[in-house]
file entry_31.pdb (PDB, C-alpha atoms)
ATOM      1  CA  MET O  20     -17.843 -16.097  -4.916
ATOM      2  CA  THR O  21     -17.054 -12.623  -6.217
ATOM      3  CA  SER O  22     -15.363 -11.594  -2.972
ATOM      4  CA  VAL O  23     -12.334 -13.765  -3.718
ATOM      5  CA  CYS O  24      -9.320 -11.545  -4.198
ATOM      6  CA  MET O  25     -11.294  -8.357  -3.847
ATOM      7  CA  HIS O  26     -10.580  -6.363  -0.734
ATOM      8  CA  GLU O  27     -13.113  -3.812  -1.971
ATOM      9  CA  THR O  28     -15.750  -6.127  -0.469
ATOM     10  CA  ALA O  29     -14.143  -5.876   2.974
ATOM     11  CA  ILE O  30     -13.817  -2.119   2.560
ATOM     12  CA  ALA O  31     -17.449  -1.720   1.469
ATOM     13  CA  GLY O  32     -18.307  -3.663   4.637
ATOM     14  CA  ASN O  33     -16.364  -1.119   6.736
ATOM     15  CA  ILE O  34     -18.221   1.762   5.084
ATOM     16  CA  ILE O  35     -21.565   0.041   5.709
ATOM     17  CA  ASP O  36     -20.664  -0.509   9.405
ATOM     18  CA  ILE O  37     -19.845   3.182   9.835
ATOM     19  CA  VAL O  38     -22.981   4.342   8.030
ATOM     20  CA  THR O  39     -25.218   1.850   9.852
ATOM     21  CA  GLU O  40     -23.950   3.239  13.149
ATOM     22  CA  THR O  41     -24.729   6.770  11.967
ATOM     23  CA  GLY O  42     -28.206   5.601  10.934
ATOM     24  CA  ARG O  43     -28.831   4.113  14.368
ATOM     25  CA  ARG O  44     -28.179   7.474  15.971
ATOM     26  CA  HIS O  45     -30.708   9.096  13.620
ATOM     27  CA  PRO O  46     -33.642   6.663  13.526
ATOM     28  CA  ASP O  47     -36.033   9.259  12.086
ATOM     29  CA  VAL O  48     -34.232   9.545   8.734
ATOM     30  CA  GLU O  49     -33.424   7.311   5.788
ATOM     31  CA  ILE O  50     -29.913   7.385   4.322
ATOM     32  CA  LYS O  51     -29.999   8.118   0.602
ATOM     33  CA  ARG O  52     -26.436   8.886  -0.313
ATOM     34  CA  VAL O  53     -23.096   8.104   1.305
ATOM     35  CA  ARG O  54     -20.217  10.405   0.423
ATOM     36  CA  VAL O  55     -16.777   8.839   0.688
ATOM     37  CA  VAL O  56     -13.540  10.683   0.006
ATOM     38  CA  ILE O  57     -10.770   8.508  -1.402
ATOM     39  CA  GLY O  58      -7.208   9.477  -2.291
ATOM     40  CA  GLU O  59      -5.499   7.986  -5.322
ATOM     41  CA  MET O  60      -2.809   6.525  -3.055
ATOM     42  CA  ILE O  61      -5.425   4.166  -1.618
ATOM     43  CA  ALA O  62      -5.243   0.865  -3.462
ATOM     44  CA  VAL O  63      -8.956   0.607  -4.182
ATOM     45  CA  VAL O  64     -10.687   0.321  -7.543
ATOM     46  CA  PRO O  65     -13.677   2.716  -7.390
ATOM     47  CA  GLU O  66     -15.896   0.635  -9.710
ATOM     48  CA  LEU O  67     -15.297  -2.499  -7.662
ATOM     49  CA  LEU O  68     -16.047  -0.619  -4.452
ATOM     50  CA  LEU O  69     -19.336   0.688  -5.866
ATOM     51  CA  HIS O  70     -20.258  -2.777  -7.066
ATOM     52  CA  ALA O  71     -19.370  -4.355  -3.707
ATOM     53  CA  TYR O  72     -21.399  -1.729  -1.850
ATOM     54  CA  ASP O  73     -24.465  -2.350  -4.010
ATOM     55  CA  SER O  74     -24.215  -6.118  -3.498
ATOM     56  CA  LEU O  75     -23.855  -5.847   0.263
ATOM     57  CA  ILE O  76     -26.759  -3.474   0.947
ATOM     58  CA  THR O  77     -29.401  -5.741  -0.596
ATOM     59  CA  ASP O  78     -32.187  -6.344   1.952
ATOM     60  CA  THR O  79     -30.598  -4.090   4.571
ATOM     61  CA  PRO O  80     -31.800  -0.719   5.917
ATOM     62  CA  LEU O  81     -29.317   0.852   3.476
ATOM     63  CA  GLN O  82     -30.863  -0.760   0.407
ATOM     64  CA  TYR O  83     -32.103   2.554  -1.043
ATOM     65  CA  SER O  84     -28.783   4.337  -0.574
ATOM     66  CA  SER O  85     -26.014   4.909  -3.077
ATOM     67  CA  LEU O  86     -22.299   5.440  -2.672
ATOM     68  CA  ASP O  87     -20.759   8.637  -3.973
ATOM     69  CA  LEU O  88     -16.964   8.693  -4.316
ATOM     70  CA  THR O  89     -14.857  11.841  -4.452
ATOM     71  CA  ILE O  90     -11.403  10.980  -5.780
ATOM     72  CA  ILE O  91      -8.533  13.098  -4.480
ATOM     73  CA  PRO O  92      -5.497  13.286  -6.778
ATOM     74  CA  VAL O  93      -1.984  12.832  -5.437
ATOM     75  CA  THR O  94      -0.125  16.093  -4.860
ATOM     76  CA  ALA O  95       3.311  16.739  -3.417
ATOM     77  CA  ASN O  96       5.708  19.359  -2.238
ATOM     78  CA  CYS O  97       9.396  19.267  -3.157
ATOM     79  CA  SER O  98      11.731  19.374  -0.156
ATOM     80  CA  GLN O  99      14.513  20.603  -2.463
ATOM     81  CA  CYS O 100      12.973  23.514  -4.410
ATOM     82  CA  ASP O 101       9.682  23.904  -2.488
ATOM     83  CA  ALA O 102       7.525  23.564  -5.617
ATOM     84  CA  SER O 103       4.030  22.116  -5.306
ATOM     85  CA  PHE O 104       2.788  19.816  -8.050
ATOM     86  CA  GLY O 105       0.505  16.917  -8.935
ATOM     87  CA  ILE O 106       1.812  13.378  -9.266
ATOM     88  CA  ASP O 107       0.828  11.726 -12.524
ATOM     89  CA  GLU O 108       1.370   8.089 -13.368
ATOM     90  CA  PHE O 109       3.025   7.469 -10.009
ATOM     91  CA  GLU O 110       6.164   9.402 -10.966
ATOM     92  CA  PHE O 111       7.342  10.444  -7.524
ATOM     93  CA  THR O 112       9.884  13.007  -8.721
ATOM     94  CA  CYS O 113       9.782  16.812  -8.720
ATOM     95  CA  PRO O 114       9.047  17.929 -12.329
ATOM     96  CA  PHE O 115      10.987  21.174 -11.716
ATOM     97  CA  CYS O 116      14.265  20.068 -10.122
ATOM     98  CA  GLN O 117      13.992  16.260 -10.591
ATOM     99  CA  SER O 118      14.550  15.659  -6.871
ATOM    100  CA  SER O 119      12.956  12.537  -5.417
ATOM    101  CA  SER O 120      12.929  14.103  -1.975
ATOM    102  CA  ILE O 121       9.250  15.016  -1.934
ATOM    103  CA  GLN O 122       6.436  15.021   0.636
ATOM    104  CA  LEU O 123       2.958  13.939  -0.409
ATOM    105  CA  THR O 124       0.390  16.605   0.495
ATOM    106  CA  SER O 125      -2.731  14.726  -0.624
ATOM    107  CA  GLY O 126      -3.763  11.316  -1.885
ATOM    108  CA  HIS O 127      -3.900   9.296   1.340
ATOM    109  CA  GLU O 128      -7.415  10.413   2.341
ATOM    110  CA  PHE O 129      -9.953   7.678   2.921
ATOM    111  CA  TYR O 130     -12.993   8.566   4.991
ATOM    112  CA  VAL O 131     -16.763   8.675   5.091
ATOM    113  CA  LYS O 132     -17.421  12.391   4.853
ATOM    114  CA  GLU O 133     -21.191  12.672   5.243
ATOM    115  CA  VAL O 134     -24.530  11.132   4.442
ATOM    116  CA  GLU O 135     -27.502  12.671   2.690
ATOM    117  CA  VAL O 136     -30.740  11.786   4.424
ATOM    118  CA  GLU O 137     -34.483  12.198   4.004
ATOM    119  CA  PRO O 138     -37.183  11.928   6.653
ATOM    120  CA  CYS O 139     -38.371   8.334   7.005
ATOM    121  CA  PRO O 140     -41.513   7.682   4.957
ATOM    122  CA  SER O 141     -44.213   7.233   7.577
TER     123      SER O 141
ATOM    124  CA  MET M  15     -32.680  16.335   1.728
ATOM    125  CA  SER M  16     -30.357  17.161   4.611
ATOM    126  CA  ILE M  17     -26.765  16.275   5.448
ATOM    127  CA  ILE M  18     -25.311  14.497   8.483
ATOM    128  CA  THR M  19     -21.566  14.915   8.902
ATOM    129  CA  VAL M  20     -19.730  11.635   9.574
ATOM    130  CA  GLU M  21     -15.971  12.281   9.082
ATOM    131  CA  ARG M  22     -14.783   8.791  10.002
ATOM    132  CA  LYS M  23     -11.875   6.894   8.493
ATOM    133  CA  VAL M  24     -12.955   3.870   6.469
ATOM    134  CA  LEU M  25     -10.138   1.743   7.883
ATOM    135  CA  GLU M  26     -10.469   3.086  11.445
ATOM    136  CA  LYS M  27     -11.229  -0.322  12.963
ATOM    137  CA  ASN M  28      -8.166  -1.904  11.397
ATOM    138  CA  ASP M  29      -5.958   1.052  12.304
ATOM    139  CA  GLU M  30      -7.103   0.994  15.949
ATOM    140  CA  ILE M  31      -6.202  -2.685  16.298
ATOM    141  CA  ALA M  32      -2.927  -2.099  14.425
ATOM    142  CA  ALA M  33      -2.044   0.644  16.921
ATOM    143  CA  VAL M  34      -2.658  -1.749  19.840
ATOM    144  CA  LEU M  35      -0.467  -4.365  18.145
ATOM    145  CA  LYS M  36       2.237  -1.797  17.465
ATOM    146  CA  LYS M  37       2.352  -0.875  21.143
ATOM    147  CA  GLN M  38       2.402  -4.522  22.194
ATOM    148  CA  PHE M  39       5.278  -5.303  19.794
ATOM    149  CA  SER M  40       7.208  -2.222  20.846
ATOM    150  CA  ASP M  41       6.745  -3.006  24.590
ATOM    151  CA  GLN M  42       8.012  -6.537  23.949
ATOM    152  CA  ARG M  43      10.801  -5.177  21.766
ATOM    153  CA  THR M  44       9.752  -7.416  18.917
ATOM    154  CA  VAL M  45      10.629  -6.217  15.417
ATOM    155  CA  VAL M  46       7.745  -7.135  13.099
ATOM    156  CA  LEU M  47       8.131  -7.517   9.345
ATOM    157  CA  ASN M  48       5.200  -7.855   6.961
ATOM    158  CA  LEU M  49       6.335  -9.796   3.899
ATOM    159  CA  VAL M  50       4.302  -9.281   0.714
ATOM    160  CA  SER M  51       4.692 -10.563  -2.849
ATOM    161  CA  SER M  52       2.873 -12.299  -5.679
ATOM    162  CA  PRO M  53       2.212 -16.008  -5.139
ATOM    163  CA  GLY M  54       5.314 -18.080  -5.837
ATOM    164  CA  SER M  55       7.978 -15.393  -5.365
ATOM    165  CA  GLY M  56       9.610 -17.465  -2.645
ATOM    166  CA  LYS M  57       8.527 -15.871   0.630
ATOM    167  CA  THR M  58       8.312 -19.161   2.517
ATOM    168  CA  THR M  59      11.622 -20.419   1.137
ATOM    169  CA  LEU M  60      13.328 -17.169   2.145
ATOM    170  CA  LEU M  61      11.847 -17.513   5.631
ATOM    171  CA  GLU M  62      13.079 -21.096   5.899
ATOM    172  CA  GLN M  63      16.603 -20.054   4.906
ATOM    173  CA  THR M  64      16.495 -17.102   7.294
ATOM    174  CA  LEU M  65      15.275 -19.207  10.222
ATOM    175  CA  GLN M  66      18.047 -21.681   9.562
ATOM    176  CA  ALA M  67      20.754 -19.015   9.203
ATOM    177  CA  LEU M  68      19.795 -17.119  12.359
ATOM    178  CA  GLN M  69      18.971 -20.137  14.523
ATOM    179  CA  GLY M  70      20.521 -19.714  17.969
ATOM    180  CA  GLN M  71      21.379 -16.092  17.228
ATOM    181  CA  VAL M  72      17.986 -14.363  17.060
ATOM    182  CA  ARG M  73      14.730 -15.524  18.674
ATOM    183  CA  MET M  74      12.135 -15.583  15.884
ATOM    184  CA  ALA M  75       8.469 -16.401  15.298
ATOM    185  CA  VAL M  76       6.295 -16.567  12.206
ATOM    186  CA  VAL M  77       2.670 -15.817  11.327
ATOM    187  CA  GLU M  78       1.714 -17.509   8.060
ATOM    188  CA  GLY M  79      -1.149 -16.129   5.986
ATOM    189  CA  ASP M  80      -2.727 -18.223   3.249
ATOM    190  CA  VAL M  81      -6.026 -18.371   1.433
ATOM    191  CA  GLN M  82      -6.175 -22.128   2.040
ATOM    192  CA  THR M  83      -4.101 -24.885   3.712
ATOM    193  CA  ASP M  84      -1.576 -24.852   6.536
ATOM    194  CA  ASN M  85       1.181 -26.205   4.269
ATOM    195  CA  ASP M  86       3.454 -23.212   4.910
ATOM    196  CA  ALA M  87       3.077 -23.376   8.702
ATOM    197  CA  LYS M  88       4.079 -27.049   8.523
ATOM    198  CA  ARG M  89       7.206 -26.107   6.558
ATOM    199  CA  ILE M  90       8.091 -23.406   9.102
ATOM    200  CA  ALA M  91       7.402 -25.632  12.140
ATOM    201  CA  ARG M  92      10.382 -27.799  11.164
ATOM    202  CA  TYR M  93      12.643 -24.965  12.303
ATOM    203  CA  HIS M  94      11.303 -25.140  15.875
ATOM    204  CA  VAL M  95      10.056 -21.570  16.084
ATOM    205  CA  PRO M  96       6.612 -20.480  17.304
ATOM    206  CA  VAL M  97       4.345 -20.379  14.250
ATOM    207  CA  ALA M  98       0.655 -19.529  13.797
ATOM    208  CA  GLN M  99      -1.255 -20.137  10.591
ATOM    209  CA  ILE M 100      -4.012 -17.814   9.405
ATOM    210  CA  VAL M 101      -6.298 -19.318   6.757
ATOM    211  CA  THR M 102      -8.350 -16.512   5.227
ATOM    212  CA  HIS M 103     -10.800 -18.806   3.322
ATOM    213  CA  GLY M 104     -10.818 -16.670   0.189
ATOM    214  CA  ALA M 105      -9.918 -13.239   1.525
ATOM    215  CA  CYS M 106      -7.008 -11.736  -0.344
ATOM    216  CA  HIS M 107      -5.157 -10.009   2.511
ATOM    217  CA  LEU M 108      -4.464 -10.148   6.232
ATOM    218  CA  ASP M 109      -5.925  -7.511   8.523
ATOM    219  CA  ALA M 110      -4.911  -6.423  11.999
ATOM    220  CA  GLN M 111      -7.650  -8.455  13.728
ATOM    221  CA  LEU M 112      -6.481 -11.683  12.060
ATOM    222  CA  VAL M 113      -2.911 -10.933  13.166
ATOM    223  CA  ARG M 114      -4.057 -10.152  16.710
ATOM    224  CA  ASP M 115      -5.865 -13.509  16.898
ATOM    225  CA  ALA M 116      -2.827 -15.294  15.479
ATOM    226  CA  VAL M 117      -0.275 -13.765  17.851
ATOM    227  CA  SER M 118      -2.525 -14.555  20.825
ATOM    228  CA  ARG M 119      -2.018 -18.224  19.947
ATOM    229  CA  ILE M 120       1.789 -18.112  20.168
ATOM    230  CA  ASP M 121       4.167 -17.199  22.968
ATOM    231  CA  LEU M 122       6.024 -14.064  21.909
ATOM    232  CA  THR M 123       7.993 -13.760  25.165
ATOM    233  CA  GLY M 124      11.569 -12.941  24.249
ATOM    234  CA  VAL M 125      10.864 -13.063  20.511
ATOM    235  CA  GLN M 126      13.053 -10.463  18.767
ATOM    236  CA  LEU M 127      11.806 -10.922  15.226
ATOM    237  CA  LEU M 128       8.301 -11.727  14.075
ATOM    238  CA  PHE M 129       7.750 -12.390  10.390
ATOM    239  CA  ILE M 130       4.242 -12.049   9.010
ATOM    240  CA  GLU M 131       3.995 -13.778   5.656
ATOM    241  CA  ASN M 132       1.042 -12.118   3.960
ATOM    242  CA  VAL M 133      -1.273 -13.724   1.417
ATOM    243  CA  GLY M 134       0.362 -13.788  -2.041
ATOM    244  CA  ASN M 135      -1.045 -10.613  -3.587
ATOM    245  CA  LEU M 136       0.518  -7.275  -4.520
ATOM    246  CA  VAL M 137      -2.658  -5.185  -4.350
ATOM    247  CA  CYS M 138      -4.871  -5.680  -1.325
ATOM    248  CA  PRO M 139      -2.267  -6.021   1.481
ATOM    249  CA  ALA M 140      -0.989  -2.495   0.657
ATOM    250  CA  SER M 141      -3.978  -0.923   2.434
ATOM    251  CA  TYR M 142      -3.714  -2.787   5.728
ATOM    252  CA  ASP M 143      -1.486  -1.817   8.625
ATOM    253  CA  LEU M 144      -0.754  -4.956  10.643
ATOM    254  CA  GLY M 145       1.208  -3.148  13.335
ATOM    255  CA  GLU M 146       4.447  -3.995  11.556
ATOM    256  CA  GLN M 147       7.632  -1.962  11.592
ATOM    257  CA  HIS M 148       8.383  -2.570   7.927
ATOM    258  CA  LYS M 149       6.491  -3.761   4.884
ATOM    259  CA  ILE M 150       8.841  -5.768   2.721
ATOM    260  CA  VAL M 151       7.952  -6.300  -0.920
ATOM    261  CA  MET M 152       9.472  -9.285  -2.668
ATOM    262  CA  VAL M 153       9.753  -9.905  -6.391
ATOM    263  CA  SER M 154      11.399 -12.838  -8.136
ATOM    264  CA  THR M 155      13.301 -12.812 -11.403
ATOM    265  CA  THR M 156      10.714 -15.070 -13.060
ATOM    266  CA  GLU M 157       8.247 -12.181 -12.870
ATOM    267  CA  GLY M 158       8.323  -8.993 -14.948
ATOM    268  CA  ASP M 159      10.814  -6.223 -14.157
ATOM    269  CA  ASP M 160       7.873  -3.800 -14.509
ATOM    270  CA  LYS M 161       6.221  -5.111 -11.320
ATOM    271  CA  PRO M 162       6.861  -1.805  -9.448
ATOM    272  CA  VAL M 163       5.030   0.313 -12.031
ATOM    273  CA  LYS M 164       2.208  -2.214 -12.261
ATOM    274  CA  TYR M 165       1.745  -2.269  -8.479
ATOM    275  CA  PRO M 166       2.835   1.224  -7.398
ATOM    276  CA  HIS M 167       0.744   1.282  -4.206
ATOM    277  CA  MET M 168       2.622  -1.642  -2.764
ATOM    278  CA  PHE M 169       6.065  -0.347  -3.737
ATOM    279  CA  ARG M 170       5.189   3.007  -2.209
ATOM    280  CA  ALA M 171       3.923   1.378   1.015
ATOM    281  CA  ALA M 172       7.032  -0.803   1.409
ATOM    282  CA  ASP M 173      10.373   0.364   2.699
ATOM    283  CA  LEU M 174      12.382  -2.651   1.724
ATOM    284  CA  CYS M 175      12.511  -4.601  -1.524
ATOM    285  CA  ILE M 176      13.916  -8.084  -1.980
ATOM    286  CA  LEU M 177      14.714  -9.459  -5.406
ATOM    287  CA  ASN M 178      14.685 -13.249  -5.163
ATOM    288  CA  LYS M 179      15.800 -16.078  -7.477
ATOM    289  CA  THR M 180      18.880 -14.186  -8.678
ATOM    290  CA  ASP M 181      20.389 -17.586  -9.597
ATOM    291  CA  LEU M 182      17.937 -17.632 -12.530
ATOM    292  CA  LEU M 183      19.020 -14.239 -13.951
ATOM    293  CA  PRO M 184      21.085 -15.783 -16.786
ATOM    294  CA  TYR M 185      18.047 -17.756 -17.969
ATOM    295  CA  VAL M 186      15.232 -15.196 -17.814
ATOM    296  CA  ASP M 187      14.495 -11.846 -19.470
ATOM    297  CA  PHE M 188      14.466  -9.959 -16.188
ATOM    298  CA  ASP M 189      16.519  -6.733 -16.346
ATOM    299  CA  LYS M 190      17.475  -6.053 -12.750
ATOM    300  CA  HIS M 191      18.746  -2.521 -13.474
ATOM    301  CA  GLN M 192      15.454  -1.620 -15.137
ATOM    302  CA  PHE M 193      13.620  -3.200 -12.207
ATOM    303  CA  ARG M 194      15.511  -1.065  -9.739
ATOM    304  CA  LYS M 195      14.935   2.054 -11.810
ATOM    305  CA  ASN M 196      11.214   1.297 -11.917
ATOM    306  CA  ALA M 197      11.087   0.743  -8.172
ATOM    307  CA  GLU M 198      13.060   3.885  -7.335
ATOM    308  CA  LYS M 199      10.742   5.944  -9.509
ATOM    309  CA  ILE M 200       7.893   4.910  -7.199
ATOM    310  CA  ASN M 201       9.853   4.996  -3.953
ATOM    311  CA  ALA M 202      13.303   6.581  -3.844
ATOM    312  CA  ASN M 203      13.833   5.468  -0.225
ATOM    313  CA  LEU M 204      13.536   1.729  -0.878
ATOM    314  CA  LEU M 205      16.326  -0.408   0.498
ATOM    315  CA  PHE M 206      17.234  -3.289  -1.858
ATOM    316  CA  PHE M 207      18.465  -6.811  -1.270
ATOM    317  CA  GLU M 208      19.232  -9.332  -3.983
ATOM    318  CA  VAL M 209      19.042 -12.933  -2.903
ATOM    319  CA  SER M 210      18.657 -16.455  -4.066
ATOM    320  CA  ALA M 211      16.800 -18.254  -1.308
ATOM    321  CA  LYS M 212      17.675 -21.473  -3.151
ATOM    322  CA  THR M 213      21.463 -21.132  -3.403
ATOM    323  CA  GLY M 214      21.938 -18.842  -0.403
ATOM    324  CA  GLU M 215      23.468 -16.057  -2.522
ATOM    325  CA  GLY M 216      22.955 -12.632  -0.882
ATOM    326  CA  LEU M 217      21.442 -14.085   2.277
ATOM    327  CA  GLN M 218      24.265 -12.845   4.445
ATOM    328  CA  ASP M 219      23.467  -9.149   3.824
ATOM    329  CA  TRP M 220      19.773  -9.744   4.423
ATOM    330  CA  CYS M 221      20.435 -11.612   7.672
ATOM    331  CA  GLN M 222      22.860  -8.932   8.810
ATOM    332  CA  TRP M 223      20.186  -6.292   8.248
ATOM    333  CA  LEU M 224      17.796  -8.351  10.383
ATOM    334  CA  VAL M 225      20.343  -8.767  13.182
ATOM    335  CA  ASP M 226      21.113  -5.028  13.128
ATOM    336  CA  GLY M 227      17.370  -4.299  13.328
ATOM    337  CA  THR M 228      16.894  -6.423  16.435
ATOM    338  CA  GLN M 229      19.881  -4.742  18.071
ATOM    339  CA  THR M 230      18.642  -1.189  17.515
ATOM    340  CA  SER M 231      15.285  -2.251  18.983
ATOM    341  CA  GLY M 232      17.125  -2.944  22.255
ATOM    342  CA  ASN M 233      17.344  -6.720  22.340
TER     343      ASN M 233
END

call {"tool": "encode", "arguments": {"input": "entry_31.pdb", "output": "structure tokens"}}
result
Amino acid sequence: MTSVCMHETAIAGNIIDIVTETGRRHPDVEIKRVRVVIGEMIAVVPELLLHAYDSLITDTPLQYSSLDLTIIPVTANCSQCDASFGIDEFEFTCPFCQSSSIQLTSGHEFYVKEVEVEPCPS
Amino acid sequence: MSIITVERKVLEKNDEIAAVLKKQFSDQRTVVLNLVSSPGSGKTTLLEQTLQALQGQVRMAVVEGDVQTDNDAKRIARYHVPVAQIVTHGACHLDAQLVRDAVSRIDLTGVQLLFIENVGNLVCPASYDLGEQHKIVMVSTTEGDDKPVKYPHMFRAADLCILNKTDLLPYVDFDKHQFRKNAEKINANLLFFEVSAKTGEGLQDWCQWLVDGTQTSGN
């Protein structure tokens, strides 16, 4: 079973639940694309999530949809010198004053933003 | 093609249940610790030693998470504390619903400390809030001292780090200073404990931290 040791399967299931609920409220349209925003601080491998999504939608009302991931890089603000910067390679230190007293300003996002739909083929 | 706005958190279901658990634990004044590590780091052995050391002093309970078997719950039950086993049947992490089901099976009345031993895995459990007060990441000296940089999400999510099997330091290539440097690079606020769950070395500081935690929570 490919789901062993792959929480991306569980997460794809959560996305499908949310989108299915949206679909139920709009029975006259077909969902074509699901846009998910995901911060780099979320421990999810995008390729595995896409793969899990595709496996789970087989023979469901979502079978003609695809998942579209927008990756948000990790950024931070230094509490010491007030600089704003991106975090590369998980180095959680201010590149300007070397302080480790920093606040993350992005990277923890993880939400279904929107779906692209088309009128149901009649 | 038209757009329907959704704007819903992917983990909203888990986070809602975790919030309910958090409130329940806080109302009961139970400190909850979510223990994560690779398989074989010694989580269960540390729990056994801790239960023994704090017996009669702190009222404790344990939720055991494993992919298969209730072997760990059987080990814990010998210490006469309430214990509930979660068998995930292949899933690589615990989620808040599994914990809610497990704690409904044990009597938490008067329990000051609840340990949740997560499934051995340093990736997946990082994403799931179980309603705990602290995530504790454990590494043993038979692993690599680069564990923090290999699994940065977990070291960032944790606020406490336990290095176990320190009795083996003379025999392995583990550089504990490098390990600490690696971990602090990911999370400068990590609190460290060095223990040997086998020999008991360092357990006193760890247990004292636990006792202090239950006292600040009002018990």

call {"tool": "atom_distance", "arguments": {"input": "entry_31.pdb", "atom1": "CA of Phe109 (chain O)", "atom2": "CA of Glu146 (chain M)"}}
result
24.5 Å

call {"tool": "atom_distance", "arguments": {"input": "entry_31.pdb", "atom1": "CA of Phe129 (chain M)", "atom2": "CA of Val97 (chain M)"}}
result
9.5 Å

call {"tool": "residues_around", "arguments": {"input": "entry_31.pdb", "residues": "Lys36 (chain M)", "least_positions_apart": "5", "cutoff": "9 Å", "atoms": "only C-alpha atoms", "output": "MDAnalysis selection string"}}
result
chainID M and resid 31 41 46 144:147

call {"tool": "closest_residue", "arguments": {"input": "entry_31.pdb", "among": "O:Ile106, O:Ala62, O:Val48, O:Ala71", "to": "chain M", "atoms": "only C-alpha atoms"}}
result
O:Ala62

call {"tool": "residues_near_point", "arguments": {"input": "entry_31.pdb", "point": "(-8.5, 13.4, 6.8)", "cutoff": "9 Å", "atoms": "all atoms listed in the file", "output": "JSON, numbers by chain"}}
result
{"O": [56, 127, 128, 129, 130], "M": [21, 22, 23]}

call {"tool": "write_last_selection", "arguments": {"input": "entry_31.pdb", "atoms": "C-alpha atoms", "output": "CSV table (one decimal), in the frame of the given file"}}
result
chain,number,residue,atom,x,y,z
O,56,VAL,CA,-13.5,10.7,0.0
O,127,HIS,CA,-3.9,9.3,1.3
O,128,GLU,CA,-7.4,10.4,2.3
O,129,PHE,CA,-10.0,7.7,2.9
O,130,TYR,CA,-13.0,8.6,5.0
M,21,GLU,CA,-16.0,12.3,9.1
M,22,ARG,CA,-14.8,8.8,10.0
M,23,LYS,CA,-11.9,6.9,8.5

call {"tool": "interface_residues", "arguments": {"input": "entry_31.pdb", "of": "chain O", "to": "chain M", "cutoff": "9 Å", "atoms": "only C-alpha atoms", "output": "VMD selection string"}}
result
chain O and resid 20 22 to 27 29 to 31 33 to 34 37 to 38 41 51 55 60 to 63 108 to 112 119 to 120 128 to 138

call {"tool": "residues_around", "arguments": {"input": "entry_31.pdb", "residues": "region 87-89 of chain M", "least_positions_apart": "3", "cutoff": "7 Å", "atoms": "all atoms listed in the file", "output": "list in words"}}
result
Glu78, Asp84, Arg92, Val97, Ala98 and Gln99 of chain M

call {"tool": "atom_distance", "arguments": {"input": "entry_31.pdb", "atom1": "CA of Lys149 (chain M)", "atom2": "CA of Leu108 (chain M)"}}
result
12.8 Å

call {"tool": "residues_around", "arguments": {"input": "entry_31.pdb", "residues": "Thr39 (chain O)", "least_positions_apart": "5", "cutoff": "10 Å", "atoms": "all atoms listed in the file", "output": "PyMOL selection string"}}
result
chain O and resi 33-34+44-45+50+79-81

call {"tool": "residues_around", "arguments": {"input": "entry_31.pdb", "residues": "Leu217 (chain M)", "least_positions_apart": "3", "cutoff": "12 Å", "atoms": "all atoms listed in the file", "output": "list in words"}}
result
Thr59, Leu60, Leu61, Glu62, Gln63, Thr64, Leu65, Gln66, Ala67, Leu68, Ile176, Leu177, Asn178, Lys179, Thr180, Phe207, Glu208, Val209, Ser210, Ala211, Lys212, Thr213, Gly214, Trp220, Cys221, Gln222, Trp223 and Leu224 of chain M

call {"tool": "residues_around", "arguments": {"input": "entry_31.pdb", "residues": "Leu49 (chain M)", "least_positions_apart": "2", "cutoff": "8 Å", "atoms": "all atoms listed in the file", "output": "list in words"}}
result
Leu47, Ser51, Lys57, Phe129, Ile130, Glu131, Asn132, Lys149, Ile150, Val151 and Met152 of chain M

call {"tool": "resolve_selection", "arguments": {"input": "entry_31.pdb", "expression": "the PyMOL selection byres ((chain O and resi 59) around 7)", "output": "list in words"}}
result
Ile57, Gly58, Met60, Ile61, Ile90, Ile91, Pro92, Val93, Gly126 and His127 of chain O

call {"tool": "closest_residue", "arguments": {"input": "entry_31.pdb", "among": "M:Asp181, M:Gln111, M:Val101, M:Thr228", "to": "Gly216 (chain M)", "atoms": "all atoms listed in the file"}}
result
M:Asp181

call {"tool": "closest_residue", "arguments": {"input": "entry_31.pdb", "among": "O:Ser98, O:Thr28, O:Ser103, O:Ser74", "to": "Ser118 (chain O)", "atoms": "only C-alpha atoms"}}
result
O:Ser98

call {"tool": "closest_residue", "arguments": {"input": "entry_31.pdb", "among": "O:Cys100, O:Leu86, O:Ala95, O:Cys139", "to": "Leu123 (chain O)", "atoms": "all atoms listed in the file"}}
result
O:Ala95

call {"tool": "closest_residue", "arguments": {"input": "entry_31.pdb", "among": "M:Ile90, M:Val133, M:Leu174, M:Ala33", "to": "Arg194 (chain M)", "atoms": "all atoms listed in the file"}}
result
M:Leu174

call {"tool": "closest_residue", "arguments": {"input": "entry_31.pdb", "among": "O:Leu75, O:Leu68, O:Val53, O:Cys113", "to": "Asn96 (chain O)", "atoms": "only C-alpha atoms"}}
result
O:Cys113

call {"tool": "decode", "arguments": {"input": "entry_31.pdb", "residues": "region 80-84 of chain M", "atoms": "N, CA and C atoms", "output": "compact mmCIF listing (two decimals), in the first residue's frame"}}
result
# COMPACT_ATOMS: atom_id res chain seq x y z
N ASP M 80 1.25 3.44 17.78
CA ASP M 80 2.11 2.54 16.99
C ASP M 80 1.42 2.17 15.70
N VAL M 81 2.23 1.82 14.72
CA VAL M 81 1.68 1.39 13.43
C VAL M 81 1.00 0.02 13.60
N GLN M 82 1.64 -0.84 14.37
CA GLN M 82 1.08 -2.16 14.67
C GLN M 82 1.43 -2.56 16.10
N THR M 83 0.73 -3.46 16.64
CA THR M 83 0.91 -4.10 17.97
C THR M 83 0.61 -3.17 19.15
N ASP M 84 0.26 -3.82 20.28
CA ASP M 84 0.08 -3.06 21.52
C ASP M 84 1.22 -3.39 22.50
